[in-house]
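Novice: Can you keep this structure in mind? I'll have questions shortly.
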Protein chains: 2
Amino acid sequence: MGITVVGSVAIDDVITPFGKNFNAPGGSATYFSLSASNFTKVKLVAVVGKDFPNKYIRLLDSKGIDTKGLEIKEGKTFRWKGRYDKTLDNPESLRTHLNLFGTFRPKLPKGYHNEKILFLANIDPDLQLDVLDKTNPKLIAADTINFWITHKRKSLLKVLKRIDILIINEYEARELTNESNIIKASKSIISMGPKVAIVKKGEDGLILVSKNGLYLLPAYPLETVLDPTGAGDTFAGGFLGYLSKVGRFNEKTFKQACLYGTIMASFTVEGYDISNLARLSKNKINQRAKQFKKICSL
Amino acid sequence: MGITVVGSVAIDDVITPFGKNFNAPGGSATYFSLSASNFTKVKLVAVVGKDFPNKYIRLLDSKGIDTKGLEIKEGKTFRWKGRYDKTLDNPESLRTHLNLFGTFRPKLPKGYHNEKILFLANIDPDLQLDVLDKTNPKLIAADTINFWITHKRKSLLKVLKRIDILIINEYEARELTNESNIIKASKSIISMGPKVAIVKKGEDGLILVSKNGLYLLPAYPLETVLDPTGAGDTFAGGFLGYLSKVGRFNEKTFKQACLYGTIMASFTVEGYDISNLARLSKNKINQRAKQFKKICSL
């Protein structure tokens, strides 16, 4: 069993209270793939320009990630510049140059259509619908952002009716549902279509809602957070990667998957960009998972 | 085994986005006692004026709370007026009339000195020291607020060296330790004296730190929060009440006590002032505790 992910591969300029990290590898599909590759086979669909450093593609390849679906076109790669204040939460976007990502039409190479799990990272909901039409996965998860919630609501609502799991953050959950109470907002997502909603609250943990009820998990306790960029996609990668590995989709595996998603995100935010994900070992993941279970157990 | 609590009994005027609740019974010792009385015997030490409605004292009595230590003096009861914004977190104090509470000198009636557990609610650290000199408990817990952290730091640091457990909120923990990272802040408290620090993050749960490590617990998920006043003291009442009931003070009972503290606080904030605590049944508490365990268990 493996995962196909459709999303962005980007170059990020990130400013935090601790310093600047410019020309860094980023994008939802990058973080997702690197995270999930610790658990399962990943097939990546995205587009970059010829300016995208080849070393990062070699890095993806070295992790066993299938990059046949990564189009390399004439033109420039998607670039994002953002700034975090000292809360290290909800960055201000200083510049967004979509470049080739603005005209991205996901092309799935042979063998990509039949993966058991599909992750639709944050892209235009119309493109998410297009990918849904072309594939036949057993489990579909998706992410979105406030921009699409506001500007492509109709298409997004169609997406929600066709997916199993929505993975978004607390700000997106409130905007999507018009509920300020985060528990009400999380529950309300289920009425829009997904069987499971996962609402991430950054350092304050997450809420998982399904028809069977609620599940709450704190975040892994970190004394140092350097760069929160990619935390959400890293979570999704760990979450779906774990589900792909165990091959069973039920309440118990969803909870365990949340734990692994949380652990993976903790590694990402402890370093800059993908640097920690690039050098992570399975041993480190398992050690932290074991420790985290103890921290959260009565 | 029982608890002696030293704190305030007050009259509150509370404004929330949902409305006004004026002339409401409040104060740290009130919330603490009502909460703890579901688990154990409580002896209350505080002062009120003759303006304090007798019906609330009768309510405390009806819960088996020993109010011999509640002085009723000529003059006016402590009054607080505060406003919560829509986040329902960290209220703005609009008016604080200490009245008789400004010259409060805790007097412990016979039988109050030898209770196994002592809770020093938010009062002047010099008064907390005075009570510590007069008592001989097995377990001492205390609370404080930013005002004392800023204006009576020296005395507060002396208190910290003599207590077992400090129970404060995230804003107080940051101010006390000068650490913005909440995990660092929580750990740092332990180096100041207490064996255990509990840092409450409102709807985002809590952090318990001891020399044995960290423990994280989410908040009970609520769809309706009407009035957060007294949540912290209600938590402390449930926490210490449970410890008093089981009579053992170790890592395992501290974790369980956090769960009961959290449950009790959830009842308080779902209603106005002490109204929910006043009519709570043991059955309701146990039902919610059981449900909450499920919500937090992998």
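The chains in the structure tokens are called A, B, ... from first to last as shown; in each chain the residues are counted from 1, and the ligands are counted from 1 in the order shown.
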Hey, list the chain B side of the contact with chain A: 6 Å cut-off, only C-alpha atoms, answer as an NGL selection string.
Specialist: :B and (183-184 or 204 or 214-216 or 223 or 255 or 295-296 or 298)
Novice: Ser33 in chain A: which residues within 8 Å, counting only C-alpha atoms, same-chain residues fewer than 2 positions away excluded, as a list of chain:residue names?
Specialist: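 The contact residues come out as A:Val5, A:Ala29, A:Thr30, A:Tyr31, A:Ser35, A:Ala36, A:Ser37, A:Val42, A:Lys43, A:Leu44, A:Leu60, A:Ile65, A:Gly237.
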Novice: Can you tell me, as a ChimeraX atom specification, which residues in range 124-265 of chain A count as helix (DSSP H, G or I) by DSSP?
Specialist: /A:125-134,146-151,153-160,170-177,182-190,202-204,231-246,251-265
Novice: Identify which of the residues B:Ile72, B:Leu280, B:Arg79, B:Asp233 lies closest to Phe22 in chain B, counting only C-alpha atoms when measuring atom-to-atom distances.
Specialist: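 The shortest atom-to-atom distance to Phe22 in chain B comes from B:Arg79.
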Novice: Fit chain B to chain A, using all C-alpha atoms paired in sequence order for the least-squares superposition, and then show me the result as a tab-separated table (two decimals) with C-alpha atoms, in the first residue's frame.
Specialist:
chain	number	residue	atom	x	y	z
B	1	MET	CA	-0.01	-0.01	-0.05
B	2	GLY	CA	1.26	3.51	-0.82
B	3	ILE	CA	0.24	7.14	-1.06
B	4	THR	CA	-0.13	9.55	-3.96
B	5	VAL	CA	0.22	13.19	-2.91
B	6	VAL	CA	-0.73	16.16	-5.08
B	7	GLY	CA	0.52	19.53	-3.89
B	8	SER	CA	3.27	22.10	-4.18
B	9	VAL	CA	7.04	22.02	-4.26
B	10	ALA	CA	8.29	25.50	-3.51
B	11	ILE	CA	11.10	27.78	-2.49
B	12	ASP	CA	10.44	29.60	0.79
B	13	ASP	CA	11.85	32.74	2.37
B	14	VAL	CA	11.04	32.54	6.05
B	15	ILE	CA	11.57	35.17	8.74
B	16	THR	CA	11.24	34.21	12.41
B	17	PRO	CA	12.15	36.10	15.60
B	18	PHE	CA	15.38	34.05	15.56
B	19	GLY	CA	16.55	34.91	12.05
B	20	LYS	CA	16.08	34.55	8.32
B	21	ASN	CA	16.06	31.39	6.23
B	22	PHE	CA	15.90	32.36	2.55
B	23	ASN	CA	15.85	30.14	-0.58
B	24	ALA	CA	14.79	27.14	1.49
B	25	PRO	CA	13.13	24.06	0.00
B	26	GLY	CA	9.45	23.98	0.88
B	27	GLY	CA	5.95	23.28	-0.36
B	28	SER	CA	3.20	21.01	0.93
B	29	ALA	CA	4.14	17.97	-1.17
B	30	THR	CA	7.78	18.23	-0.12
B	31	TYR	CA	7.08	18.19	3.63
B	32	PHE	CA	4.35	15.57	3.21
B	33	SER	CA	6.49	13.19	1.17
B	34	LEU	CA	9.57	13.41	3.34
B	35	SER	CA	7.44	12.75	6.42
B	36	ALA	CA	5.40	9.88	4.94
B	37	SER	CA	8.46	8.25	3.39
B	38	ASN	CA	9.45	7.05	6.86
B	39	PHE	CA	6.43	4.77	6.86
B	40	THR	CA	5.47	3.93	3.27
B	41	LYS	CA	6.02	4.43	-0.47
B	42	VAL	CA	5.05	7.89	-1.73
B	43	LYS	CA	4.31	9.07	-5.27
B	44	LEU	CA	4.59	12.84	-5.64
B	45	VAL	CA	2.67	15.07	-8.10
B	46	ALA	CA	3.74	18.71	-8.34
B	47	VAL	CA	5.46	21.20	-10.64
B	48	VAL	CA	8.71	23.17	-10.37
B	49	GLY	CA	10.70	25.42	-12.68
B	50	LYS	CA	14.17	24.81	-13.97
B	51	ASP	CA	15.39	27.13	-11.20
B	52	PHE	CA	14.55	24.48	-8.58
B	53	PRO	CA	17.80	23.08	-7.14
B	54	ASN	CA	18.34	19.53	-8.35
B	55	LYS	CA	19.85	18.51	-5.01
B	56	TYR	CA	16.43	18.65	-3.37
B	57	ILE	CA	14.94	16.35	-6.01
B	58	ARG	CA	17.83	13.97	-5.40
B	59	LEU	CA	17.02	14.15	-1.69
B	60	LEU	CA	13.42	13.09	-2.36
B	61	ASP	CA	14.66	10.26	-4.60
B	62	SER	CA	17.09	9.12	-1.91
B	63	LYS	CA	14.14	8.64	0.47
B	64	GLY	CA	12.44	6.31	-2.00
B	65	ILE	CA	9.88	8.96	-3.01
B	66	ASP	CA	8.68	8.48	-6.59
B	67	THR	CA	9.26	11.84	-8.33
B	68	LYS	CA	8.10	10.77	-11.79
B	69	GLY	CA	5.06	12.98	-11.13
B	70	LEU	CA	7.22	16.05	-10.44
B	71	GLU	CA	7.05	18.10	-13.65
B	72	ILE	CA	10.08	20.25	-14.33
B	73	LYS	CA	9.06	23.05	-16.69
B	74	GLU	CA	10.54	26.18	-18.26
B	75	GLY	CA	9.85	29.03	-15.85
B	76	LYS	CA	10.01	29.74	-12.16
B	77	THR	CA	9.13	27.66	-9.10
B	78	PHE	CA	6.41	28.76	-6.67
B	79	ARG	CA	7.94	31.15	-4.11
B	80	TRP	CA	6.51	32.12	-0.73
B	81	LYS	CA	7.86	34.64	1.74
B	82	GLY	CA	6.42	34.72	5.25
B	83	ARG	CA	7.09	36.09	8.69
B	84	TYR	CA	6.32	34.57	12.09
B	85	ASP	CA	5.98	36.74	15.17
B	86	LYS	CA	7.14	35.54	18.58
B	87	THR	CA	4.04	33.36	19.03
B	88	LEU	CA	5.41	31.29	16.09
B	89	ASP	CA	1.86	30.77	14.94
B	90	ASN	CA	-0.14	31.75	11.83
B	91	PRO	CA	2.53	33.51	9.72
B	92	GLU	CA	2.01	36.73	7.81
B	93	SER	CA	2.45	36.17	4.07
B	94	LEU	CA	4.77	38.89	2.78
B	95	ARG	CA	4.92	37.71	-0.84
B	96	THR	CA	3.36	34.89	-2.83
B	97	HIS	CA	4.64	34.33	-6.37
B	98	LEU	CA	2.68	31.36	-7.73
B	99	ASN	CA	4.76	31.29	-10.94
B	100	LEU	CA	4.34	27.83	-12.57
B	101	PHE	CA	2.14	26.68	-9.69
B	102	GLY	CA	-0.48	29.23	-10.85
B	103	THR	CA	-1.14	27.20	-14.01
B	104	PHE	CA	-0.49	23.79	-12.44
B	105	ARG	CA	-2.61	20.96	-13.86
B	106	PRO	CA	-1.82	17.76	-11.98
B	107	LYS	CA	-0.61	15.02	-14.32
B	108	LEU	CA	-0.55	11.56	-12.80
B	109	PRO	CA	2.01	9.21	-14.40
B	110	LYS	CA	1.12	5.55	-14.97
B	111	GLY	CA	0.79	3.70	-11.64
B	112	TYR	CA	-0.19	6.83	-9.74
B	113	HIS	CA	-3.97	6.40	-10.20
B	114	ASN	CA	-4.44	3.27	-8.16
B	115	GLU	CA	-2.60	3.98	-4.90
B	116	LYS	CA	-4.68	3.01	-1.88
B	117	ILE	CA	-4.32	6.44	-0.24
B	118	LEU	CA	-4.60	9.86	-1.86
B	119	PHE	CA	-3.59	13.11	-0.17
B	120	LEU	CA	-4.84	16.29	-1.78
B	121	ALA	CA	-2.59	18.93	-0.25
B	122	ASN	CA	-3.52	22.61	-0.35
B	123	ILE	CA	-4.28	23.34	-4.03
B	124	ASP	CA	-7.25	24.91	-5.86
B	125	PRO	CA	-10.35	22.80	-5.00
B	126	ASP	CA	-11.13	22.56	-8.73
B	127	LEU	CA	-7.82	20.77	-9.21
B	128	GLN	CA	-8.59	18.56	-6.21
B	129	LEU	CA	-11.89	17.61	-7.93
B	130	ASP	CA	-10.03	16.91	-11.16
B	131	VAL	CA	-7.65	14.53	-9.37
B	132	LEU	CA	-10.59	12.83	-7.64
B	133	ASP	CA	-12.16	12.18	-11.06
B	134	LYS	CA	-8.97	10.49	-12.27
B	135	THR	CA	-8.20	8.27	-9.27
B	136	ASN	CA	-9.75	5.44	-7.32
B	137	PRO	CA	-8.20	5.38	-3.83
B	138	LYS	CA	-9.48	3.52	-0.75
B	139	LEU	CA	-8.82	6.49	1.53
B	140	ILE	CA	-8.84	10.17	0.57
B	141	ALA	CA	-7.56	12.97	2.77
B	142	ALA	CA	-7.35	16.66	1.94
B	143	ASP	CA	-6.12	19.98	3.26
B	144	THR	CA	-7.17	23.50	2.31
B	145	ILE	CA	-6.51	27.12	3.33
B	146	ASN	CA	-8.57	30.23	4.10
B	147	PHE	CA	-8.01	31.58	0.58
B	148	TRP	CA	-9.99	28.69	-1.00
B	149	ILE	CA	-12.57	28.71	1.80
B	150	THR	CA	-13.29	32.34	0.90
B	151	HIS	CA	-12.80	32.38	-2.86
B	152	LYS	CA	-13.73	28.85	-4.00
B	153	ARG	CA	-16.25	27.80	-1.40
B	154	LYS	CA	-18.59	26.02	-3.82
B	155	SER	CA	-15.86	23.84	-5.28
B	156	LEU	CA	-14.43	23.19	-1.84
B	157	LEU	CA	-17.83	22.01	-0.56
B	158	LYS	CA	-17.91	19.54	-3.49
B	159	VAL	CA	-14.48	18.27	-2.48
B	160	LEU	CA	-15.63	17.80	1.11
B	161	LYS	CA	-18.45	15.51	-0.06
B	162	ARG	CA	-15.95	13.21	-1.76
B	163	ILE	CA	-13.19	12.84	0.84
B	164	ASP	CA	-12.80	10.70	3.95
B	165	ILE	CA	-10.61	12.95	6.08
B	166	LEU	CA	-10.14	16.72	6.21
B	167	ILE	CA	-6.94	17.88	7.92
B	168	ILE	CA	-6.94	21.64	8.61
B	169	ASN	CA	-5.86	24.10	11.28
B	170	GLU	CA	-8.05	25.87	13.84
B	171	TYR	CA	-8.21	29.13	11.86
B	172	GLU	CA	-9.37	27.30	8.75
B	173	ALA	CA	-11.92	25.26	10.72
B	174	ARG	CA	-13.47	28.43	12.16
B	175	GLU	CA	-13.60	30.11	8.74
B	176	LEU	CA	-15.03	27.04	7.03
B	177	THR	CA	-17.81	26.50	9.54
B	178	ASN	CA	-18.48	30.04	10.84
B	179	GLU	CA	-18.22	28.65	14.37
B	180	SER	CA	-15.92	30.39	16.85
B	181	ASN	CA	-16.03	27.51	19.39
B	182	ILE	CA	-13.42	25.09	18.13
B	183	ILE	CA	-15.26	21.97	19.34
B	184	LYS	CA	-18.44	23.04	17.55
B	185	ALA	CA	-16.41	23.95	14.47
B	186	SER	CA	-14.66	20.55	14.43
B	187	LYS	CA	-17.94	18.65	14.79
B	188	SER	CA	-19.59	20.80	12.16
B	189	ILE	CA	-17.07	19.71	9.50
B	190	ILE	CA	-18.44	16.16	9.69
B	191	SER	CA	-21.84	17.40	8.53
B	192	MET	CA	-20.16	18.73	5.37
B	193	GLY	CA	-19.07	15.30	4.15
B	194	PRO	CA	-15.79	14.00	5.60
B	195	LYS	CA	-16.05	10.98	7.88
B	196	VAL	CA	-13.18	12.33	9.95
B	197	ALA	CA	-12.04	15.89	10.70
B	198	ILE	CA	-8.67	16.64	12.21
B	199	VAL	CA	-8.26	20.18	13.48
B	200	LYS	CA	-4.70	21.16	14.39
B	201	LYS	CA	-4.06	23.76	17.09
B	202	GLY	CA	-0.27	24.04	16.78
B	203	GLU	CA	1.46	23.81	20.15
B	204	ASP	CA	-1.96	23.19	21.73
B	205	GLY	CA	-2.52	19.81	20.11
B	206	LEU	CA	-5.34	18.55	17.94
B	207	ILE	CA	-8.97	17.51	17.85
B	208	LEU	CA	-10.10	14.47	15.88
B	209	VAL	CA	-13.83	14.13	15.25
B	210	SER	CA	-15.67	11.22	13.70
B	211	LYS	CA	-19.16	9.81	14.01
B	212	ASN	CA	-17.80	7.76	16.93
B	213	GLY	CA	-16.97	10.89	18.91
B	214	LEU	CA	-14.05	13.08	19.82
B	215	TYR	CA	-10.40	12.38	20.43
B	216	LEU	CA	-7.96	14.93	21.85
B	217	LEU	CA	-4.18	14.80	21.67
B	218	PRO	CA	-1.73	17.41	23.04
B	219	ALA	CA	1.21	18.52	20.91
B	220	TYR	CA	4.61	17.01	21.61
B	221	PRO	CA	6.22	19.33	24.21
B	222	LEU	CA	9.09	21.26	22.66
B	223	GLU	CA	11.47	23.65	24.36
B	224	THR	CA	12.77	24.94	21.05
B	225	VAL	CA	10.73	25.81	17.97
B	226	LEU	CA	12.80	27.35	15.19
B	227	ASP	CA	10.53	27.32	12.14
B	228	PRO	CA	6.91	26.11	12.08
B	229	THR	CA	6.77	26.09	8.25
B	230	GLY	CA	5.53	22.76	6.94
B	231	ALA	CA	4.31	21.47	10.32
B	232	GLY	CA	0.81	20.79	9.01
B	233	ASP	CA	1.95	18.87	5.92
B	234	THR	CA	4.51	16.98	7.99
B	235	PHE	CA	1.67	15.99	10.33
B	236	ALA	CA	-0.43	14.81	7.39
B	237	GLY	CA	2.55	12.81	6.09
B	238	GLY	CA	3.08	11.06	9.41
B	239	PHE	CA	-0.65	10.51	9.86
B	240	LEU	CA	-1.31	8.97	6.43
B	241	GLY	CA	2.10	7.31	6.31
B	242	TYR	CA	1.28	5.40	9.49
B	243	LEU	CA	-2.18	4.44	8.15
B	244	SER	CA	-0.60	3.23	4.92
B	245	LYS	CA	1.87	1.14	6.91
B	246	VAL	CA	-0.73	-0.55	9.13
B	247	GLY	CA	-3.25	-0.85	6.28
B	248	ARG	CA	-6.32	-0.60	8.49
B	249	PHE	CA	-8.55	2.48	8.74
B	250	ASN	CA	-10.50	2.56	11.99
B	251	GLU	CA	-10.86	4.60	15.18
B	252	LYS	CA	-7.89	2.93	16.81
B	253	THR	CA	-5.51	3.36	13.88
B	254	PHE	CA	-6.66	6.97	13.35
B	255	LYS	CA	-5.71	7.78	16.97
B	256	GLN	CA	-2.33	6.10	16.65
B	257	ALA	CA	-1.80	7.90	13.33
B	258	CYS	CA	-2.42	11.24	15.08
B	259	LEU	CA	0.37	10.38	17.48
B	260	TYR	CA	2.82	9.66	14.67
B	261	GLY	CA	1.72	12.77	12.76
B	262	THR	CA	2.34	14.85	15.88
B	263	ILE	CA	5.79	13.34	16.42
B	264	MET	CA	6.81	13.99	12.83
B	265	ALA	CA	5.65	17.63	13.02
B	266	SER	CA	7.67	18.08	16.20
B	267	PHE	CA	10.86	17.15	14.38
B	268	THR	CA	10.12	19.59	11.55
B	269	VAL	CA	9.50	22.65	13.75
B	270	GLU	CA	12.59	22.00	15.87
B	271	GLY	CA	14.75	22.86	12.85
B	272	TYR	CA	14.67	25.08	9.79
B	273	ASP	CA	12.69	24.05	6.68
B	274	ILE	CA	13.12	20.33	5.81
B	275	SER	CA	16.51	20.01	7.48
B	276	ASN	CA	15.39	17.75	10.33
B	277	LEU	CA	13.16	15.62	8.09
B	278	ALA	CA	16.06	15.13	5.70
B	279	ARG	CA	18.21	13.40	8.31
B	280	LEU	CA	15.62	11.65	10.46
B	281	SER	CA	16.02	8.00	11.44
B	282	LYS	CA	13.29	5.45	12.20
B	283	ASN	CA	14.95	4.88	15.53
B	284	LYS	CA	14.51	8.54	16.52
B	285	ILE	CA	10.86	8.43	15.47
B	286	ASN	CA	10.12	5.33	17.51
B	287	GLN	CA	11.95	6.66	20.57
B	288	ARG	CA	9.98	9.89	20.51
B	289	ALA	CA	6.69	8.06	19.90
B	290	LYS	CA	7.32	5.87	22.93
B	291	GLN	CA	8.23	8.87	25.09
B	292	PHE	CA	5.18	10.83	23.87
B	293	LYS	CA	2.82	7.96	24.71
B	294	LYS	CA	4.10	8.08	28.28
B	295	ILE	CA	3.67	11.85	28.46
B	296	CYS	CA	0.00	11.59	27.41
B	297	SER	CA	-1.02	8.49	29.36
B	298	LEU	CA	-2.90	8.59	32.62
Novice: Can you pull out every residue from range 101-284 of chain A that DSSP, working from the backbone, puts in strand (DSSP E), and format the result as a list in words?
Specialist: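 Answer for range 101-284 of chain A, restricted to strand (DSSP E): Ile117, Leu118, Phe119, Leu120, Leu139, Ile140, Ala141, Ala142, Ile165, Leu166, Ile167, Ile168, Asn169, Val196, Ala197, Ile198, Val199, Lys200, Leu206, Ile207, Leu208, Val209, Ser210, Gly213, Leu214, Tyr215, Leu216 and Leu217 of chain A.
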Novice: Could you write out that same residue set with N, CA and C atoms as a PDB file, in the first residue's frame?
Specialist:
ATOM      1  N   ILE A 117      -4.053   5.172  -0.953  1.00  0.00           N
ATOM      2  CA  ILE A 117      -4.314   6.425  -0.237  1.00  0.00           C
ATOM      3  C   ILE A 117      -3.963   7.610  -1.123  1.00  0.00           C
ATOM      4  N   LEU A 118      -4.850   8.620  -1.113  1.00  0.00           N
ATOM      5  CA  LEU A 118      -4.602   9.850  -1.861  1.00  0.00           C
ATOM      6  C   LEU A 118      -4.607  11.026  -0.890  1.00  0.00           C
ATOM      7  N   PHE A 119      -3.563  11.862  -0.957  1.00  0.00           N
ATOM      8  CA  PHE A 119      -3.583  13.103  -0.167  1.00  0.00           C
ATOM      9  C   PHE A 119      -3.607  14.294  -1.105  1.00  0.00           C
ATOM     10  N   LEU A 120      -4.695  15.061  -1.008  1.00  0.00           N
ATOM     11  CA  LEU A 120      -4.834  16.291  -1.773  1.00  0.00           C
ATOM     12  C   LEU A 120      -4.370  17.434  -0.883  1.00  0.00           C
ATOM     13  N   LEU A 139      -8.741   5.470   0.491  1.00  0.00           N
ATOM     14  CA  LEU A 139      -8.827   6.491   1.546  1.00  0.00           C
ATOM     15  C   LEU A 139      -8.340   7.815   0.964  1.00  0.00           C
ATOM     16  N   ILE A 140      -9.176   8.848   1.114  1.00  0.00           N
ATOM     17  CA  ILE A 140      -8.833  10.170   0.574  1.00  0.00           C
ATOM     18  C   ILE A 140      -8.784  11.188   1.706  1.00  0.00           C
ATOM     19  N   ALA A 141      -7.668  11.881   1.810  1.00  0.00           N
ATOM     20  CA  ALA A 141      -7.552  12.976   2.778  1.00  0.00           C
ATOM     21  C   ALA A 141      -7.204  14.250   2.032  1.00  0.00           C
ATOM     22  N   ALA A 142      -7.636  15.379   2.585  1.00  0.00           N
ATOM     23  CA  ALA A 142      -7.352  16.657   1.926  1.00  0.00           C
ATOM     24  C   ALA A 142      -7.073  17.741   2.952  1.00  0.00           C
ATOM     25  N   ILE A 165     -11.231  12.244   4.946  1.00  0.00           N
ATOM     26  CA  ILE A 165     -10.614  12.947   6.074  1.00  0.00           C
ATOM     27  C   ILE A 165     -10.201  14.356   5.644  1.00  0.00           C
ATOM     28  N   LEU A 166     -10.629  15.351   6.414  1.00  0.00           N
ATOM     29  CA  LEU A 166     -10.141  16.710   6.198  1.00  0.00           C
ATOM     30  C   LEU A 166      -9.157  17.043   7.321  1.00  0.00           C
ATOM     31  N   ILE A 167      -7.975  17.528   6.933  1.00  0.00           N
ATOM     32  CA  ILE A 167      -6.942  17.876   7.918  1.00  0.00           C
ATOM     33  C   ILE A 167      -6.645  19.365   7.771  1.00  0.00           C
ATOM     34  N   ILE A 168      -7.153  20.177   8.711  1.00  0.00           N
ATOM     35  CA  ILE A 168      -6.940  21.630   8.602  1.00  0.00           C
ATOM     36  C   ILE A 168      -6.553  22.207   9.963  1.00  0.00           C
ATOM     37  N   ASN A 169      -6.199  23.489   9.992  1.00  0.00           N
ATOM     38  CA  ASN A 169      -5.865  24.090  11.290  1.00  0.00           C
ATOM     39  C   ASN A 169      -7.072  24.816  11.883  1.00  0.00           C
ATOM     40  N   VAL A 196     -14.079  11.954   8.861  1.00  0.00           N
ATOM     41  CA  VAL A 196     -13.179  12.329   9.955  1.00  0.00           C
ATOM     42  C   VAL A 196     -12.670  13.752   9.711  1.00  0.00           C
ATOM     43  N   ALA A 197     -12.656  14.554  10.772  1.00  0.00           N
ATOM     44  CA  ALA A 197     -12.042  15.878  10.701  1.00  0.00           C
ATOM     45  C   ALA A 197     -10.922  15.941  11.714  1.00  0.00           C
ATOM     46  N   ILE A 198      -9.765  16.419  11.272  1.00  0.00           N
ATOM     47  CA  ILE A 198      -8.659  16.634  12.208  1.00  0.00           C
ATOM     48  C   ILE A 198      -8.341  18.120  12.190  1.00  0.00           C
ATOM     49  N   VAL A 199      -8.510  18.749  13.362  1.00  0.00           N
ATOM     50  CA  VAL A 199      -8.257  20.183  13.475  1.00  0.00           C
ATOM     51  C   VAL A 199      -7.016  20.382  14.336  1.00  0.00           C
ATOM     52  N   LYS A 200      -5.996  20.985  13.722  1.00  0.00           N
ATOM     53  CA  LYS A 200      -4.700  21.149  14.392  1.00  0.00           C
ATOM     54  C   LYS A 200      -4.623  22.509  15.066  1.00  0.00           C
ATOM     55  N   LEU A 206      -4.368  18.729  19.021  1.00  0.00           N
ATOM     56  CA  LEU A 206      -5.346  18.549  17.937  1.00  0.00           C
ATOM     57  C   LEU A 206      -6.638  17.939  18.440  1.00  0.00           C
ATOM     58  N   ILE A 207      -7.650  18.077  17.591  1.00  0.00           N
ATOM     59  CA  ILE A 207      -8.974  17.506  17.837  1.00  0.00           C
ATOM     60  C   ILE A 207      -9.291  16.604  16.653  1.00  0.00           C
ATOM     61  N   LEU A 208      -9.628  15.357  16.927  1.00  0.00           N
ATOM     62  CA  LEU A 208     -10.101  14.465  15.867  1.00  0.00           C
ATOM     63  C   LEU A 208     -11.577  14.201  16.121  1.00  0.00           C
ATOM     64  N   VAL A 209     -12.399  14.390  15.099  1.00  0.00           N
ATOM     65  CA  VAL A 209     -13.829  14.128  15.241  1.00  0.00           C
ATOM     66  C   VAL A 209     -14.249  13.114  14.189  1.00  0.00           C
ATOM     67  N   SER A 210     -15.032  12.137  14.633  1.00  0.00           N
ATOM     68  CA  SER A 210     -15.660  11.213  13.696  1.00  0.00           C
ATOM     69  C   SER A 210     -17.062  10.933  14.223  1.00  0.00           C
ATOM     70  N   GLY A 213     -17.244   9.962  17.819  1.00  0.00           N
ATOM     71  CA  GLY A 213     -16.969  10.890  18.911  1.00  0.00           C
ATOM     72  C   GLY A 213     -15.688  11.668  18.705  1.00  0.00           C
ATOM     73  N   LEU A 214     -15.225  12.208  19.813  1.00  0.00           N
ATOM     74  CA  LEU A 214     -14.053  13.081  19.808  1.00  0.00           C
ATOM     75  C   LEU A 214     -12.821  12.355  20.311  1.00  0.00           C
ATOM     76  N   TYR A 215     -11.669  12.816  19.847  1.00  0.00           N
ATOM     77  CA  TYR A 215     -10.408  12.379  20.411  1.00  0.00           C
ATOM     78  C   TYR A 215      -9.500  13.602  20.510  1.00  0.00           C
ATOM     79  N   LEU A 216      -8.842  13.784  21.643  1.00  0.00           N
ATOM     80  CA  LEU A 216      -7.961  14.932  21.838  1.00  0.00           C
ATOM     81  C   LEU A 216      -6.540  14.460  22.078  1.00  0.00           C
ATOM     82  N   LEU A 217      -5.586  15.129  21.443  1.00  0.00           N
ATOM     83  CA  LEU A 217      -4.176  14.796  21.650  1.00  0.00           C
ATOM     84  C   LEU A 217      -3.381  16.090  21.811  1.00  0.00           C
TER      85      LEU A 217
END
